[in-house]
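**Q** Just passing along the structure, written as structure tokens.
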Amino acid sequence: QSVYPDVRDTAGLARSCAEGRALGFLGRTAIHPRQLPVIEEAFRPTEAEIAAAREIVCAAATEAGALALPDGRFVDAAVVAAARRTLRLARTGPSGD
């Protein structure tokens with residue numbers, strides 16, 4: 001997501017980040033350091049996202065290529081890569097700290 005220009009409006013930034021995340025954005029550019037905690041919180045994976053990612057990564061560790069999870073969801077290399085990204089974000093935070 002592009003920058004949010006009002007560096008004092010952290011509530012507006014949080015709303016805008018939530019809207020962007022709902023649209024599929026994976027992060028946002030900041031123009032001021034005070035925006036970073038708000039952006040990181042908005043794009044940090046939820047517990048449900050972390051659990052789903054763990055399930056996918058564990059399933060991919062036992063089988064190569066595309067596979068189906070026990071609930072019938074299809075998993076391919078792109079889905080596994082996204083799950084690994086989610087787990088990295090959960091460990092480090094979006095800024096890589």
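Each chain of the structure tokens is named A, B, ... in the order shown, its residues numbered from 1; ligands are numbered from 1 in display order.
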Each residue of range 5-52 of chain A with at least one atom at most 9 Å from range 82-86 of chain A should appear once, together with its nearest atom pair and the corresponding distance in Å (one decimal); atoms considered: only C-alpha atoms; ordering: chain, then increasing residue number; output as a Markdown table.

**A**
| residue | atom | partner | partner_atom | distance |
| --- | --- | --- | --- | --- |
| A:Arg44 | CA | A:Thr86 | CA | 8.5 |
| A:Pro45 | CA | A:Thr86 | CA | 6.4 |
| A:Glu49 | CA | A:Thr86 | CA | 7.4 |
| A:Ile50 | CA | A:Thr86 | CA | 6.6 |
| A:Ala52 | CA | A:Ala83 | CA | 7.7 |

**Q** DSSP on the backbone: what in chain A comes out strand (DSSP E), as a PyMOL selection string?

**A** chain A and resi 67-68+74-75

**Q** What is the distance, in Å and to one decimal place, between CA of Ala61 in chain A and CA of Ala78 in chain A?

**A**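 Computing it gives 14.3 Å between the two atoms.
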
**Q** Taking only C-alpha atoms into account, name the residue in A:Arg73, A:Arg21, A:His32, A:Arg54 that is nearest to Pro5 in chain A.

**A**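 Checking each of A:Arg73, A:Arg21, A:His32, A:Arg54 against Pro5 in chain A, counting only C-alpha atoms, the winner is A:His32.
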
**Q** Mind giving me the straight-line distance from CA of Asp9 in chain A to CA of Glu40 in chain A in Å, one decimal?

**A**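 Pair CA of Asp9 in chain A / CA of Glu40 in chain A returns 15.6 Å.
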
**Q** Quick one: residues within 8 Å of Ala14 in chain A, only C-alpha atoms counted, chain neighbours fewer than 5 positions away excluded, as a count of residues only?

**A** 3

**Q** One decimal, in Å: what's the spacing between CA of Val3 in chain A and CA of Thr29 in chain A?

**A**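 Separation between CA of Val3 in chain A and CA of Thr29 in chain A: 5.1 Å.
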
**Q** Could you pull the residues within 12 Å of Ala59 in chain A, counting only C-alpha atoms, minus those fewer than 5 positions along the same chain, as an MDAnalysis selection string?

**A** chainID A and resid 52:54 64:71 73:77 79:80 83
